[in-house]
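**Q** One structure follows; several queries about it will come next.
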Amino acid sequence: MMSSAQKRAEYRSLFKHNVKGRLVVDKIAMGVVLACVVIAIIPLGSILVEVFKNGLAALSVEFLTQVPGAIGTGTGGIGPAIQGTLIIIGMSSLIGIPIGVMSGIFLAEFGDNKLGRTVRFFNDVFMEFPSIVLGIFAFLTIVLLLGHFSLWAGAFALSLIMFPIVARTTEESLKLVPLTYREAGLALGLRQWVVTFRIVLSAAKNGMITGILLAVARISGETAPLIMTVLGSSQFFGGFDSPMDALPLRIWRLSLLPYDSAQLQGWGAAVVLIIIILSINIGVRYYFATKNSAKGKLFYRVMGGRKR
Amino acid sequence: MLLVNKKSTPSRISVDKIFKIAATVAGVYVLVIIALIVFQLYSESHLVWEHEGLEFITGSQWNAVEGREVFGAAPYIAGTLVTAGLAMAMGVPISIGIAMFISQAPKFIAGPLSIVIDLLAAVPSIIYGFWGLLVFRDFLLNNIEYPLYDTFGESIWLFSSAPFGLDIFSASIILAIMIIPTISAVSREIMSAVPHMQKEAAYMLGATKWEMFKLAIFPYAKTGLIGAAILGLGRAVGETMAVTMLIGNATGPNAFPQTLFQPGQTMSSIIANEFIEASPASLHLPALIGIGFTLLLVAIAINIVAHLLVSRMLKVKEGVINA
C-alpha cells in the first residue's frame, strides 16, 4: 500500500515528465518553423542584393536611353526595352482595365445568381492559366491573322492576364461599399448606372486602384507570352503593327549570350525592371498603410472617411 | 407631372438595361475567352494529334526535320510533373511553416514578414531565372550537387549523373522558391480563418503551441491547406521562364527524367525554346501548340480542384463569423 504522499510524489513526477517532453517537442517545432522562415528569406535577400549590387553598376544615362550595340561588345543600352515595356503596359491597360472594371461591376452588382457564380469561378481559374498558353492564343488569333509579330498581339495577351485580376479586386472593393449608399442614390431618383459610376465607384476608388496597380506590376514582369507576340527588337518604337522589345524579353536574350558584358547589361535591365515592380508594390502598400493595418485604411477610405 | 414621369420611365429603364447588358457582356467575356482558347488550341493542334495519335502523349522521339517528323511529348510531360512534384515536396512544408510562424508571431514581426513574403511573390519569373542562372547555379553546384554526387553518385541512381548546374534538380529548387510565397500567403489566410474559440479551447486544455496547431488548426484547416498546396502546384506547372533558364533544355528521349542531375525539359520550357523557330507550315508548330493544349488541360484540372477546396474552406469561415 502506497501512502497518499508517495502517490502525490509519483503523480508529480509523472506530470513533470509529461510536460517536459511536450515542451521539448514544442521547442523543436518552433525551431523548425523559424528555420522555414529563414530558408525562405535567404533567396529573396540574395536576389535583391545581387540585382542591386550588379545592376546599379551597369546603369548610366547612355545605358537607359540608347539602342543595344553590336552583340558581345557591351555597348549601347536598353532604351527600346524600357520604351516597349511602358507602351505594352499602357496598351494592355487600355484593353484590360475597362473590361476588368465592367466585369467587376457585373460580379458585384448583378452577380448574385447562377451566371455570376459561374463567371466568378471561371474568373478565378482563368487567373491561374499558364501565361505561355495565353501567348500561344494571342499568337494564333492576332499574329497569324495579321501575318506578323506586333505590339497589338503582346498587349492583347497581357490584357488577358490583367482583366481577371482587375475584375476580382473591383468586385471586392465594390462589395465593401454599404448598400445604403446605393439605396440613397436610388431614392434620389438616380438611374442605376449613375449610382454605380458616380457613387459606388468613387467610394470604391482606392481599392480598385490598388487592384489595377498590382495587375500592372504583374504584367510588367511577364516574359513568356511576349516571346511569341512582340518578339523583341533592337529599334525604338516603329508603329503598333511592328515587333517591339520589352525589359523581360531583353533580359532573356541577354542571359542566352555567353559574354560577361551581356550579363552586366542583363543585371542592369533586371534592376530597372525590379525597381518598377517593387516601387508599384511598395507604393500601393505605403499609400494604404496605417498604424493599424493596411486593410483598415483601405476600408476607412472606401467608407468615405467614416468609421463604421 | 404625370406626363413627365411617363416620358422618363421608359428611357430610364432602357439606359439601365444597356448598362446591365454591358456589364453582363464584360462578365461573360471570361467564359468566351476560355472557350475560344480551348477551341483554338485544339483545332490548331489537331494535325499533330492526327499524325501521332496517342504516341504524342506516350512517345519520346522529337524530330522537327522535314520528312522525318516525329513528335512525342512524354519526356516533357514527365519533366513538368517531376519538377513540379519535387518543388511541392520542398516548398509545401516550408510554406506551411511560414504561415504557422506568421500566425503566431507578434504583430511587429508578422506584419513586415508578410510584406516581405508578398514581395517575393511580386518578383517576376525572369529575374528568378536570371539570378538562378548567374548566382544560384554556382552555389548549388559546388555546395550541394557535387557533394551529393561524390558521396552517393555510385550507390544511388538518383544522383548518378555528373552535375552541371543546369538540371532537373536546380529547376525544381527554383520552382520551390517561387511557389513558397503563393502557398504561404493562402495558408496564412486559411489559418487565420480558424475560429479563435478552437484555439482557445486547445490552450485551455493545457496544449502547447505545437499541440494547439495539431489539435485545433490543422484538422480544421486541412482542406484549405491542401487547396493552397494544389494552387501552388498549378503555379509550378505553368511556370515558364525560370525553369527554361535552369533546366538544361534536353530534347528527345534524353530529356526523360531519370536522375536528378541530368538536363530535362518541361512542357512550358519547350514551347518557350522552340516556338519562334517552328514554321507554321510544318508539323512542328502544331506539335508545340498540342503541348500547350495538354499543359492547359493539366492546369485547368489542377486549378478547379484547388479552387473548390479553398472556397469550401473560406465559406466555412464566413459561416462562423456570421454565426
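Chain identifiers are assigned as A, B, and so on, following the order in which chains appear in the C-alpha cells; residues are numbered from 1 within each chain, and ligands are numbered from 1 in order of appearance.
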Provide as a list in words the residues of chain A at most 6 Å from chain B, counting only C-alpha atoms.
**A**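 Taken together, these residues fit the definition: Asp26, Val33, Cys36, Val37, Ile99, Met102, Ser103, Phe106, Val125, Pro130, Val133 and Gly221 of chain A.
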**Q** Extract, using only C-alpha atoms, all DNA, RNA and protein residues at most 7 Å from stretch 48-63 of chain A, discarding same-chain residues fewer than 4 positions from it, and format them as a PDB file with N, CA and C atoms, in the first residue's frame.
**A**
ATOM      1  N   LEU A  44      15.250  35.628 -51.259  1.00  0.00           N
ATOM      2  CA  LEU A  44      14.801  36.982 -51.590  1.00  0.00           C
ATOM      3  C   LEU A  44      15.905  37.984 -51.302  1.00  0.00           C
ATOM      4  N   GLY A  76      26.016  50.289 -76.066  1.00  0.00           N
ATOM      5  CA  GLY A  76      24.594  50.538 -76.243  1.00  0.00           C
ATOM      6  C   GLY A  76      23.818  50.308 -74.971  1.00  0.00           C
ATOM      7  N   GLY A  77      22.483  50.264 -75.097  1.00  0.00           N
ATOM      8  CA  GLY A  77      21.685  50.178 -73.883  1.00  0.00           C
ATOM      9  C   GLY A  77      20.366  49.481 -74.081  1.00  0.00           C
ATOM     10  N   ILE A  78      19.438  49.801 -73.214  1.00  0.00           N
ATOM     11  CA  ILE A  78      18.142  49.124 -73.215  1.00  0.00           C
ATOM     12  C   ILE A  78      17.007  50.107 -73.433  1.00  0.00           C
ATOM     13  N   LEU A 264      26.319  41.724 -67.550  1.00  0.00           N
ATOM     14  CA  LEU A 264      26.265  43.003 -66.844  1.00  0.00           C
ATOM     15  C   LEU A 264      25.054  43.800 -67.311  1.00  0.00           C
ATOM     16  N   GLN A 265      24.838  43.823 -68.650  1.00  0.00           N
ATOM     17  CA  GLN A 265      23.671  44.534 -69.173  1.00  0.00           C
ATOM     18  C   GLN A 265      22.377  43.888 -68.685  1.00  0.00           C
ATOM     19  N   TRP A 267      21.942  42.378 -65.795  1.00  0.00           N
ATOM     20  CA  TRP A 267      21.709  42.866 -64.430  1.00  0.00           C
ATOM     21  C   TRP A 267      21.140  44.268 -64.467  1.00  0.00           C
ATOM     22  N   GLY A 268      21.658  45.102 -65.387  1.00  0.00           N
ATOM     23  CA  GLY A 268      21.159  46.475 -65.487  1.00  0.00           C
ATOM     24  C   GLY A 268      19.675  46.486 -65.830  1.00  0.00           C
ATOM     25  N   ALA A 270      17.611  44.067 -65.319  1.00  0.00           N
ATOM     26  CA  ALA A 270      16.877  43.460 -64.210  1.00  0.00           C
ATOM     27  C   ALA A 270      16.625  44.483 -63.110  1.00  0.00           C
ATOM     28  N   VAL A 271      17.612  45.330 -62.857  1.00  0.00           N
ATOM     29  CA  VAL A 271      17.419  46.289 -61.760  1.00  0.00           C
ATOM     30  C   VAL A 271      16.364  47.321 -62.155  1.00  0.00           C
TER      31      VAL A 271
END
**Q** What does the structure give for the distance between atom CA of A:Ala203 and atom CA of A:Val177, in Å to one decimal?
**A**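 Those two atoms sit 6.7 Å apart.
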**Q** Which polymer residues have any atom within 9 Å of an atom of stretch 212-215 of chain A, counting only C-alpha atoms, with same-chain residues fewer than 3 positions away left out, as a VMD selection string?
**A** (chain A and resid 93 97 161 to 163 165 to 166 169 to 170 207 to 209 218 to 220 277 280 to 281 284) or (chain B and resid 122)
**Q** When DSSP is applied to the backbone of this structure, which of stretch 47-184 of chain A are assigned helix (DSSP H, G or I)? Write them out as a PyMOL selection string.
**A** chain A and resi 47-58+61-65+79-109+114-127+131-146+151-176+179-184
**Q** So how far away is atom CA of A:Leu140 from atom CA of B:Glu55, in Å?
**A**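 Here the two named atoms are 24.5 Å from each other.
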**Q** Could you give me, as JSON, numbers by chain, the residues within 12 Å of A:Thr73, counting only C-alpha atoms and dropping anything in the same chain fewer than 3 positions from it?
**A** {"A": [68, 69, 70, 76, 77, 257, 258, 259, 260, 261, 262, 263, 264, 265]}
**Q** For each of B:Ser192, B:Ser172, B:Ser160, B:Ser155, take the minimum atom-to-atom distance to B:Phe213, counting only C-alpha atoms, then give the residue where this is smallest.
**A**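 The closest residue to B:Phe213 is B:Ser192.
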**Q** Quick one: distance from atom CA of B:Ile156 to atom CA of B:Leu260 in Å, one decimal?
**A** 10.7 Å
**Q** Write out as a list of chain:residue names which residues come within 8 Å of B:Ile217 when counting only C-alpha atoms, dropping same-chain ones fewer than 6 positions away.
**A**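 The neighbour list is B:Met191, B:Val194, B:Gln198, B:Lys199.
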**Q** Can you list, as a ChimeraX atom specification, every protein, DNA or RNA residue that comes within 10 Å of B:Ile190 when you count only C-alpha atoms, leaving out same-chain residues fewer than 6 positions away?
**A** /B:99,184,217,220-225,227-228,310,313-314,317
**Q** Select, from B:Thr251, B:Asn143, B:Thr58, B:Ser114, the residue with the minimum atom-to-atom distance to B:Arg188, counting only C-alpha atoms.
**A**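 Checking each candidate against B:Arg188, we get B:Ser114 as the closest.
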